[in-house]
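Coordinates from query26.tsv are shown below (TSV, C-alpha atoms).
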```
chain	number	residue	atom	x	y	z
A	1	MET	CA	-113.03	11.58	-70.07
A	2	ALA	CA	-112.96	7.88	-69.43
A	3	GLU	CA	-111.59	7.44	-65.93
A	4	PRO	CA	-108.70	4.98	-65.48
A	5	GLN	CA	-109.66	1.96	-63.36
A	6	THR	CA	-107.19	-0.06	-61.30
A	7	SER	CA	-107.59	-3.82	-61.60
A	8	GLN	CA	-106.01	-5.83	-58.79
A	9	GLY	CA	-106.34	-9.47	-59.83
A	10	SER	CA	-103.63	-11.36	-58.00
A	11	THR	CA	-101.26	-8.39	-57.81
A	12	THR	CA	-100.61	-6.12	-54.88
A	13	GLN	CA	-101.86	-2.53	-54.76
A	14	ALA	CA	-98.35	-1.35	-55.60
A	15	HIS	CA	-98.33	-3.46	-58.74
A	16	GLY	CA	-101.93	-3.11	-59.88
A	17	THR	CA	-102.62	-2.66	-63.57
A	18	THR	CA	-104.45	0.34	-64.99
A	19	ARG	CA	-107.25	-0.07	-67.50
A	20	VAL	CA	-108.25	3.06	-69.38
A	21	GLY	CA	-111.70	3.16	-70.93
A	22	MET	CA	-111.59	4.69	-74.42
A	23	SER	CA	-114.46	6.08	-76.45
A	24	LEU	CA	-114.71	4.86	-80.02
A	25	GLN	CA	-115.84	8.29	-81.18
A	26	ARG	CA	-112.83	10.64	-81.27
A	27	ASP	CA	-112.60	14.27	-82.39
A	28	TYR	CA	-109.59	16.34	-83.44
A	29	VAL	CA	-110.58	20.00	-83.40
A	30	THR	CA	-108.95	23.12	-84.85
A	31	VAL	CA	-110.27	26.53	-83.79
A	32	VAL	CA	-109.44	29.46	-86.09
A	33	GLY	CA	-109.91	33.00	-84.85
A	34	ALA	CA	-111.06	35.99	-86.85
A	35	SER	CA	-108.27	38.25	-88.08
A	36	HIS	CA	-108.33	41.98	-88.63
A	37	SER	CA	-106.34	43.81	-91.27
A	38	THR	CA	-104.64	47.11	-90.52
A	39	PHE	CA	-105.58	50.22	-92.47
A	40	MET	CA	-102.31	50.14	-94.42
A	41	GLU	CA	-102.65	46.42	-95.19
A	42	ASN	CA	-106.07	47.09	-96.68
A	43	ILE	CA	-104.78	50.06	-98.68
A	44	ARG	CA	-101.85	48.05	-100.04
A	45	GLY	CA	-103.84	44.85	-100.55
A	46	GLN	CA	-101.47	42.89	-98.29
A	47	MET	CA	-103.63	40.05	-97.04
A	48	GLY	CA	-100.95	37.65	-95.78
A	49	ASN	CA	-101.55	38.43	-92.10
A	50	LYS	CA	-105.29	38.18	-92.65
A	51	MET	CA	-104.91	34.55	-93.74
A	52	ARG	CA	-102.36	33.28	-91.24
A	53	PHE	CA	-104.83	31.70	-88.79
A	54	ILE	CA	-106.81	30.00	-91.57
A	55	ASN	CA	-103.71	28.64	-93.27
A	56	GLN	CA	-102.29	27.36	-89.98
A	57	GLY	CA	-105.64	25.72	-89.21
A	58	ILE	CA	-105.59	23.91	-92.56
A	59	ARG	CA	-102.01	22.78	-91.88
A	60	GLN	CA	-103.21	21.32	-88.59
A	61	LEU	CA	-105.82	19.21	-90.41
A	62	HIS	CA	-102.90	17.58	-92.23
A	63	LYS	CA	-101.41	16.53	-88.90
A	64	TYR	CA	-104.50	14.91	-87.42
A	65	PRO	CA	-105.29	11.24	-88.07
A	66	GLY	CA	-107.49	10.77	-91.10
A	67	GLY	CA	-111.22	10.71	-90.54
A	68	LYS	CA	-113.12	7.42	-90.72
A	69	PRO	CA	-116.19	6.79	-92.93
A	70	ASP	CA	-118.15	5.76	-89.83
A	71	PHE	CA	-117.08	9.00	-88.04
A	72	SER	CA	-115.38	7.05	-85.25
A	73	VAL	CA	-112.50	9.46	-85.92
A	74	GLN	CA	-113.46	12.93	-87.04
A	75	ARG	CA	-111.53	16.09	-87.89
A	76	VAL	CA	-113.33	19.37	-87.14
A	77	PHE	CA	-112.55	22.91	-88.32
A	78	LEU	CA	-114.23	25.70	-86.31
A	79	ILE	CA	-113.87	29.27	-87.59
A	80	PHE	CA	-114.96	32.59	-86.07
A	81	VAL	CA	-116.34	34.51	-89.00
A	82	ASP	CA	-116.22	38.23	-88.20
A	83	ASP	CA	-114.50	40.25	-90.95
A	84	TYR	CA	-113.98	37.25	-93.25
A	85	GLU	CA	-115.75	37.69	-96.59
A	86	ARG	CA	-118.48	35.23	-97.53
A	87	GLY	CA	-116.69	34.16	-100.69
A	88	LEU	CA	-113.54	33.38	-98.74
A	89	LEU	CA	-115.43	31.35	-96.13
A	90	ASP	CA	-117.16	29.37	-98.88
A	91	GLU	CA	-113.80	28.43	-100.39
A	92	VAL	CA	-112.39	27.46	-97.00
A	93	LYS	CA	-115.42	25.23	-96.46
A	94	LYS	CA	-114.84	23.52	-99.84
A	95	ILE	CA	-111.21	22.82	-98.92
A	96	VAL	CA	-111.98	21.59	-95.41
A	97	GLU	CA	-114.88	19.34	-96.39
A	98	GLY	CA	-113.90	18.35	-99.92
A	99	ARG	CA	-110.16	17.90	-99.64
A	100	TYR	CA	-109.77	16.86	-96.00
A	101	GLY	CA	-113.12	15.23	-95.31
A	102	ALA	CA	-113.40	17.31	-92.13
A	103	GLN	CA	-116.43	18.85	-90.48
A	104	TYR	CA	-116.67	22.63	-91.01
A	105	ARG	CA	-118.50	24.97	-88.62
A	106	GLU	CA	-118.83	28.75	-88.47
A	107	TYR	CA	-119.22	30.51	-85.11
A	108	ASP	CA	-120.15	34.04	-84.18
A	109	ASN	CA	-119.66	34.01	-80.39
A	110	ILE	CA	-117.59	32.12	-77.86
A	111	SER	CA	-120.60	30.40	-76.27
A	112	GLN	CA	-121.17	28.42	-79.47
A	113	MET	CA	-117.67	26.97	-79.26
A	114	VAL	CA	-118.00	26.14	-75.56
A	115	ASP	CA	-121.35	24.47	-76.24
A	116	PHE	CA	-119.76	22.40	-79.01
A	117	ILE	CA	-117.19	21.10	-76.52
A	118	LEU	CA	-119.77	20.43	-73.81
A	119	THR	CA	-121.98	18.39	-76.16
A	120	ARG	CA	-119.18	15.91	-76.91
A	121	GLN	CA	-120.16	13.58	-74.04
A	122	ARG	CA	-123.86	13.70	-74.87
A	123	ARG	CA	-123.04	12.75	-78.46
A	124	GLY	CA	-120.86	9.86	-77.33
A	125	ARG	CA	-117.68	11.60	-78.51
A	126	GLU	CA	-114.51	12.90	-76.89
A	127	ILE	CA	-111.88	15.39	-77.99
A	128	CYS	CA	-108.38	14.00	-78.42
A	129	GLN	CA	-106.76	17.27	-79.47
A	130	LEU	CA	-107.90	20.89	-79.49
A	131	ASP	CA	-105.81	23.59	-81.21
A	132	PHE	CA	-106.32	27.37	-81.10
A	133	PHE	CA	-104.92	29.66	-83.81
A	134	SER	CA	-105.60	33.28	-83.00
A	135	HIS	CA	-104.41	36.44	-81.32
A	136	GLY	CA	-104.03	36.44	-77.56
A	137	VAL	CA	-103.23	38.59	-74.56
A	138	VAL	CA	-102.47	37.60	-70.99
A	139	GLY	CA	-105.61	35.94	-69.63
A	140	SER	CA	-107.55	35.50	-72.88
A	141	ILE	CA	-107.48	33.89	-76.30
A	142	GLU	CA	-108.63	36.72	-78.56
A	143	LEU	CA	-110.67	35.09	-81.32
A	144	GLY	CA	-111.82	38.51	-82.54
A	145	TYR	CA	-108.93	40.82	-81.65
A	146	GLU	CA	-109.60	44.52	-82.47
A	147	LEU	CA	-112.83	43.64	-84.29
A	148	ASP	CA	-116.33	44.86	-83.47
A	149	LYS	CA	-117.30	41.50	-81.96
A	150	ARG	CA	-114.14	41.04	-79.89
A	151	ASP	CA	-115.98	40.98	-76.55
A	152	SER	CA	-118.30	38.15	-77.58
A	153	TYR	CA	-115.44	36.23	-79.26
A	154	ARG	CA	-113.07	36.30	-76.27
A	155	LEU	CA	-112.14	33.07	-74.42
A	156	ARG	CA	-111.34	34.00	-70.82
A	157	ASP	CA	-111.31	32.26	-67.44
A	158	ALA	CA	-115.13	32.27	-67.19
A	159	GLN	CA	-115.50	30.32	-70.44
A	160	ALA	CA	-112.50	28.09	-69.69
A	161	ARG	CA	-114.00	27.03	-66.35
A	162	ARG	CA	-117.14	25.78	-68.10
A	163	LEU	CA	-115.16	23.00	-69.76
A	164	VAL	CA	-115.46	19.52	-68.25
A	165	PRO	CA	-113.11	16.52	-68.29
A	166	GLU	CA	-115.89	14.32	-69.68
A	167	ALA	CA	-115.59	16.12	-73.05
A	168	PHE	CA	-111.96	15.07	-73.45
A	169	ALA	CA	-110.16	11.78	-73.98
A	170	TYR	CA	-108.00	10.51	-71.15
A	171	ASP	CA	-104.81	11.32	-73.10
A	172	ALA	CA	-106.12	14.51	-74.75
A	173	LYS	CA	-104.07	17.66	-75.27
A	174	ILE	CA	-105.00	21.29	-75.81
A	175	PHE	CA	-102.60	23.56	-77.73
A	176	SER	CA	-102.85	27.35	-77.74
A	177	TYR	CA	-100.89	29.19	-80.41
A	178	ALA	CA	-102.17	32.53	-79.14
A	179	CYS	CA	-99.79	34.98	-77.50
A	180	ARG	CA	-98.99	34.59	-73.78
A	181	THR	CA	-101.70	32.03	-72.94
A	182	GLY	CA	-99.20	30.47	-70.57
A	183	LEU	CA	-98.31	33.65	-68.65
A	184	GLY	CA	-99.98	34.68	-65.39
A	185	ILE	CA	-98.74	38.29	-65.09
A	186	ASP	CA	-99.32	41.14	-67.52
A	187	ALA	CA	-95.74	41.44	-68.72
A	188	HIS	CA	-95.05	43.02	-72.10
A	189	LEU	CA	-91.34	43.33	-72.82
A	190	GLU	CA	-89.56	41.54	-70.01
A	191	VAL	CA	-89.97	39.45	-66.88
A	192	ALA	CA	-87.19	40.48	-64.53
A	193	GLU	CA	-84.82	37.93	-63.07
A	194	GLY	CA	-86.41	36.52	-59.93
A	195	GLU	CA	-89.89	37.79	-60.84
A	196	ASP	CA	-92.58	35.11	-60.60
A	197	PRO	CA	-94.39	34.55	-63.97
A	198	GLN	CA	-97.25	33.03	-61.95
A	199	TYR	CA	-97.85	30.24	-64.41
A	200	GLU	CA	-100.44	28.81	-62.02
A	201	ARG	CA	-102.68	31.85	-62.68
A	202	SER	CA	-102.39	31.64	-66.47
A	203	LEU	CA	-105.28	30.85	-68.77
A	204	ALA	CA	-103.41	27.71	-69.82
A	205	GLN	CA	-103.48	26.42	-66.23
A	206	ILE	CA	-107.17	27.30	-65.86
A	207	LEU	CA	-107.92	25.37	-69.06
A	208	ALA	CA	-105.89	22.40	-67.82
A	209	ASN	CA	-107.68	22.34	-64.48
A	210	ALA	CA	-111.16	22.57	-66.02
A	211	ALA	CA	-110.63	20.11	-68.88
A	212	GLY	CA	-108.56	17.74	-66.75
A	213	THR	CA	-105.96	17.41	-69.49
A	214	GLU	CA	-102.56	18.72	-70.51
A	215	VAL	CA	-102.39	22.16	-72.09
A	216	ARG	CA	-99.41	23.37	-74.08
A	217	ALA	CA	-99.08	27.12	-74.53
A	218	TYR	CA	-96.62	29.97	-74.99
A	219	PRO	CA	-95.58	32.10	-72.01
A	220	ARG	CA	-94.13	34.46	-74.64
A	221	ARG	CA	-95.86	35.96	-77.62
A	222	SER	CA	-96.37	33.61	-80.53
A	223	ASN	CA	-94.97	34.30	-83.98
A	224	TYR	CA	-96.76	33.44	-87.24
A	225	ASP	CA	-93.99	34.82	-89.45
A	226	GLN	CA	-93.18	31.45	-91.03
A	227	THR	CA	-96.73	30.70	-92.14
A	228	TYR	CA	-95.52	31.27	-95.72
A	229	GLY	CA	-92.09	29.76	-95.14
A	230	ASN	CA	-88.79	30.79	-93.62
A	231	ALA	CA	-86.13	32.83	-95.41
A	232	GLN	CA	-84.79	29.80	-97.27
A	233	ASP	CA	-88.27	28.72	-98.37
A	234	ARG	CA	-89.09	32.16	-99.73
A	235	ALA	CA	-85.73	32.44	-101.51
A	236	GLN	CA	-86.22	29.05	-103.23
A	237	GLN	CA	-89.90	29.43	-104.07
A	238	VAL	CA	-89.57	30.84	-107.62
A	239	THR	CA	-86.83	28.37	-108.52
A	240	ALA	CA	-89.01	25.53	-107.21
A	241	GLN	CA	-92.00	26.69	-109.23
A	242	ASN	CA	-89.89	26.94	-112.40
A	243	LYS	CA	-88.45	23.45	-111.89
A	244	VAL	CA	-91.87	21.92	-111.28
A	245	ALA	CA	-93.31	23.68	-114.34
A	246	ALA	CA	-90.41	22.41	-116.48
A	247	ASP	CA	-90.92	18.89	-115.12
A	248	ASP	CA	-94.61	19.07	-115.96
A	249	ARG	CA	-93.85	20.16	-119.53
A	250	ALA	CA	-91.29	17.37	-119.92
A	251	GLU	CA	-93.78	14.81	-118.59
A	252	ARG	CA	-96.49	15.96	-121.01
A	253	ALA	CA	-94.08	15.77	-123.95
A	254	TYR	CA	-93.02	12.29	-122.84
A	255	GLN	CA	-96.65	11.11	-122.70
A	256	VAL	CA	-97.18	12.37	-126.28
A	257	ARG	CA	-94.07	10.51	-127.49
A	258	LEU	CA	-95.07	7.37	-125.60
A	259	SER	CA	-98.58	7.41	-127.04
A	260	GLY	CA	-97.22	7.77	-130.58
A	261	TYR	CA	-94.68	5.01	-130.05
A	262	ARG	CA	-97.30	2.57	-128.73
A	263	LYS	CA	-99.63	3.34	-131.63
A	264	ARG	CA	-96.89	2.62	-134.18
A	265	LEU	CA	-95.87	-0.52	-132.28
A	266	ASN	CA	-99.42	-1.92	-132.27
A	267	GLU	CA	-99.81	-1.24	-136.00
A	268	TYR	CA	-96.47	-2.90	-136.75
A	269	ARG	CA	-97.35	-6.02	-134.71
A	270	LYS	CA	-100.66	-6.34	-136.55
A	271	GLU	CA	-98.87	-5.99	-139.86
A	272	LYS	CA	-96.35	-8.68	-138.92
A	273	ASP	CA	-98.95	-10.79	-137.13
A	274	ASP	CA	-96.49	-11.06	-134.28
A	275	PRO	CA	-97.57	-9.82	-130.80
A	276	ALA	CA	-93.94	-9.82	-129.63
A	277	ALA	CA	-92.41	-7.93	-132.57
A	278	GLY	CA	-90.47	-4.77	-131.89
A	279	LEU	CA	-90.18	-1.70	-134.07
A	280	PRO	CA	-86.94	-1.73	-136.06
A	281	ASN	CA	-84.54	1.04	-135.09
A	282	GLU	CA	-86.93	2.45	-132.45
A	283	SER	CA	-87.23	1.81	-128.74
A	284	GLU	CA	-89.75	2.96	-126.16
A	285	PRO	CA	-89.06	6.55	-125.02
A	286	ARG	CA	-87.69	6.98	-121.52
A	287	ARG	CA	-89.55	8.95	-118.89
A	288	PRO	CA	-87.59	12.13	-118.03
A	289	THR	CA	-85.94	12.37	-114.63
A	290	PRO	CA	-87.60	15.14	-112.56
A	291	SER	CA	-85.35	18.07	-111.73
A	292	ALA	CA	-87.35	19.15	-108.65
A	293	ASN	CA	-86.95	17.28	-105.37
A	294	ASP	CA	-89.70	16.61	-102.82
A	295	TYR	CA	-88.96	19.81	-100.91
A	296	GLU	CA	-89.19	21.91	-104.08
A	297	ARG	CA	-92.41	20.22	-105.19
A	298	ASP	CA	-93.92	20.93	-101.78
A	299	LEU	CA	-92.91	24.60	-101.97
A	300	ALA	CA	-94.38	24.87	-105.45
A	301	ARG	CA	-97.71	23.35	-104.38
A	302	HIS	CA	-98.02	25.91	-101.58
A	303	ALA	CA	-97.05	28.83	-103.82
A	304	ASN	CA	-99.32	27.78	-106.69
A	305	SER	CA	-102.28	27.36	-104.36
A	306	ARG	CA	-101.81	30.82	-102.86
A	307	LYS	CA	-101.41	32.35	-106.31
A	308	LYS	CA	-104.61	30.69	-107.50
A	309	TYR	CA	-106.72	32.02	-104.63
A	310	GLU	CA	-105.04	35.41	-104.63
A	311	THR	CA	-106.14	35.73	-108.26
A	312	THR	CA	-109.71	34.52	-107.72
A	313	LEU	CA	-110.39	35.77	-104.15
A	314	GLY	CA	-107.81	38.44	-103.42
A	315	TYR	CA	-106.47	36.39	-100.47
A	316	PRO	CA	-103.44	34.03	-100.28
A	317	LEU	CA	-105.52	31.06	-99.12
A	318	ASP	CA	-103.39	27.91	-99.17
A	319	ALA	CA	-105.24	24.63	-99.66
A	320	GLU	CA	-102.00	22.90	-98.57
A	321	GLY	CA	-102.00	24.82	-95.30
A	322	ALA	CA	-99.21	26.92	-93.84
A	323	VAL	CA	-95.67	26.08	-94.95
A	324	ARG	CA	-94.28	25.98	-91.40
A	325	ASP	CA	-95.62	25.94	-87.85
A	326	VAL	CA	-96.20	28.80	-85.45
A	327	ARG	CA	-93.13	29.47	-83.34
A	328	SER	CA	-92.25	31.31	-80.15
A	329	GLY	CA	-91.69	35.04	-80.27
A	330	ASP	CA	-88.97	37.02	-78.48
A	331	THR	CA	-90.97	38.82	-75.80
A	332	PRO	CA	-91.44	39.05	-72.91
A	333	ARG	CA	-87.77	38.35	-72.40
A	334	GLY	CA	-86.77	36.26	-69.41
A	335	LEU	CA	-89.34	33.53	-70.17
A	336	PRO	CA	-88.73	30.07	-71.69
A	337	ASP	CA	-88.79	29.68	-75.45
A	338	GLY	CA	-91.41	27.46	-77.07
A	339	LEU	CA	-94.53	25.77	-75.75
A	340	ARG	CA	-94.71	25.04	-72.03
A	341	SER	CA	-96.71	22.15	-70.55
A	342	TYR	CA	-99.50	22.82	-68.01
A	343	LEU	CA	-100.92	19.81	-66.20
A	344	PRO	CA	-104.20	19.80	-64.28
A	345	LEU	CA	-103.84	20.52	-60.57
```

What does this structure look like when you write it as structure tokens?
Amino acid sequence: MAEPQTSQGSTTQAHGTTRVGMSLQRDYVTVVGASHSTFMENIRGQMGNKMRFINQGIRQLHKYPGGKPDFSVQRVFLIFVDDYERGLLDEVKKIVEGRYGAQYREYDNISQMVDFILTRQRRGREICQLDFFSHGVVGSIELGYELDKRDSYRLRDAQARRLVPEAFAYDAKIFSYACRTGLGIDAHLEVAEGEDPQYERSLAQILANAAGTEVRAYPRRSNYDQTYGNAQDRAQQVTAQNKVAADDRAERAYQVRLSGYRKRLNEYRKEKDDPAAGLPNESEPRRPTPSANDYERDLARHANSRKKYETTLGYPLDAEGAVRDVRSGDTPRGLPDGLRSYLPL
């Protein structure tokens, strides 16, 4: 972290200006946890939950500033690989690198991720934003929840305290979309009125203190239920796909008519030796007005991408990313809704 420096000049101490040194090499980093499937999900072939962290991570790449050819700004996608099939990981890599121009890295223990963060300063880089998409429990971000490697994938206070402010930009932010990262007591269903949530003991606060930057995290559980859209999105999906398909057919038919018209027009002008002549009794065909709006086209792109990869891979991978963001869950009751801010103490 570049430390702010006060410059006095001719001003008083009370009115000094602050100059913040900024690195030219800036990283925006998404961390995607491994995801287990339940026995029944495997039996039924329901892989939606399996893909929620990956799809949310891809959505986050959309939100970051675009990468620069000279790597002065760089998007990074880190994924913990346990229980993800090789073919799936290969396709995710193609999307991340090919479509988004982001750096793709696979990790198999938490130390590798911590080392990545710690090497930012040595490489002349700093992290501007760090986002975690995974399971979580009070006191840890579970990047391998219920999997064989869960112990070596777990981000707890020991790993959090290894972080250093020098790895982060002065205005950096860390976001945890794991459950209860912002809670300091092991509450499950409810925090009673007057009971202290002990936010100062939470993993979010430990991260903020170590990294010297703001952390935003849920005191409640997090909810990934809108990764594939809310109720309205799901209800409109088929209609949107049908409209977009009809628009595509109409556009193709229009291009055929236009090509034929232009060919006849060119032949007629040559025949008349008049470059401005127009075909008698025939005018240029009009492009059809699309029936689908922007919202419907966006829904269709998401749905078509998932259908493509579900057919080829068996997983609803979405090259467009999740349809909607992670949101706050309902429990423990008695805690604030949404992300809470934790500032370094």

**OP:** Tell me, in Å to one decimal, how far CA of Ile127 (chain A) is from CA of Tyr64 (chain A).
**Re:** 12.0 Å

Original post:
Which distance in Å separates CA of Ala178 (chain A) and CA of Tyr153 (chain A), to one decimal?
Top reply: 13.8 Å

Subject >> Test item: residues at most 10 Å from Asp318 (chain A), only C-alpha atoms, excluding those fewer than 2 positions along its chain, as a PyMOL selection string >> reply: chain A and resi 51-52+54-56+58-59+92+95+228+301-310+315-316+320-323

**OP:** Have a look at CA of Glu126 (chain A) and CA of Leu345 (chain A) and let me know their distance in Å, one decimal.
**Re:**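 So the answer is 20.9 Å.
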
**OP:** Excluding region 164-174 of chain A and any residue of its chain fewer than 5 positions from it, enumerate the residues within 7 Å of it, using all atoms listed in the file, and give them as a ChimeraX atom specification.
**Re:** /A:1-2,117-118,120-121,126-131,210-216

**OP:** Using only C-alpha atoms, pick whichever of A:Gly136, A:Pro275, A:Gly48, A:Pro280 has the shortest atom-to-atom distance to Ala204 (chain A).
**Re:** A:Gly136

**OP:** Name all residues at most 10 Å from Ile185 (chain A) (count only C-alpha atoms; drop same-chain ones fewer than 2 positions away) and give them as a list in words.
**Re:**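 So the residues in contact are Val138, Gly139, Arg180, Gly182, Leu183, Ala187, His188, Val191, Glu195, Asp196, Pro197, Gln198, Tyr199, Arg201, Ser202 and Pro219 of chain A.
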
Subject >> Top pick for closest residue to Ile110 (chain A), considering A:Gly33, A:Pro65, A:Gly98, A:Gly184 and counting all atoms listed in the file >> reply: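 The answer is A:Gly33, which sits nearest to Ile110 (chain A).
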
Original post:
Which of these, A:Leu279, A:Leu89, A:Val31, A:Ala217, has the shortest distance to Met113 (chain A) once you count all atoms listed in the file?
Top reply: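 Closest candidate: A:Val31.
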
Subject >> Among the residues A:Glu296, A:Leu163, A:Ser111, A:Gln74, the one that comes closest to Ala235 (chain A) [using all atoms listed in the file] >> reply: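 Looking at the shortest contact to Ala235 (chain A), the residue is A:Glu296.
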
Original post:
Arg156 (chain A): which residues within 7 Å, counting only C-alpha atoms, same-chain residues fewer than 2 positions away excluded, as a ChimeraX atom specification?
Top reply: /A:139-141,154,158-160

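Each of A:Pro69, A:Tyr218, A:Glu41, A:Leu143 was checked against Arg340 (chain A) using all atoms listed in the file; the smallest atom-to-atom distance is that of A:Tyr218.
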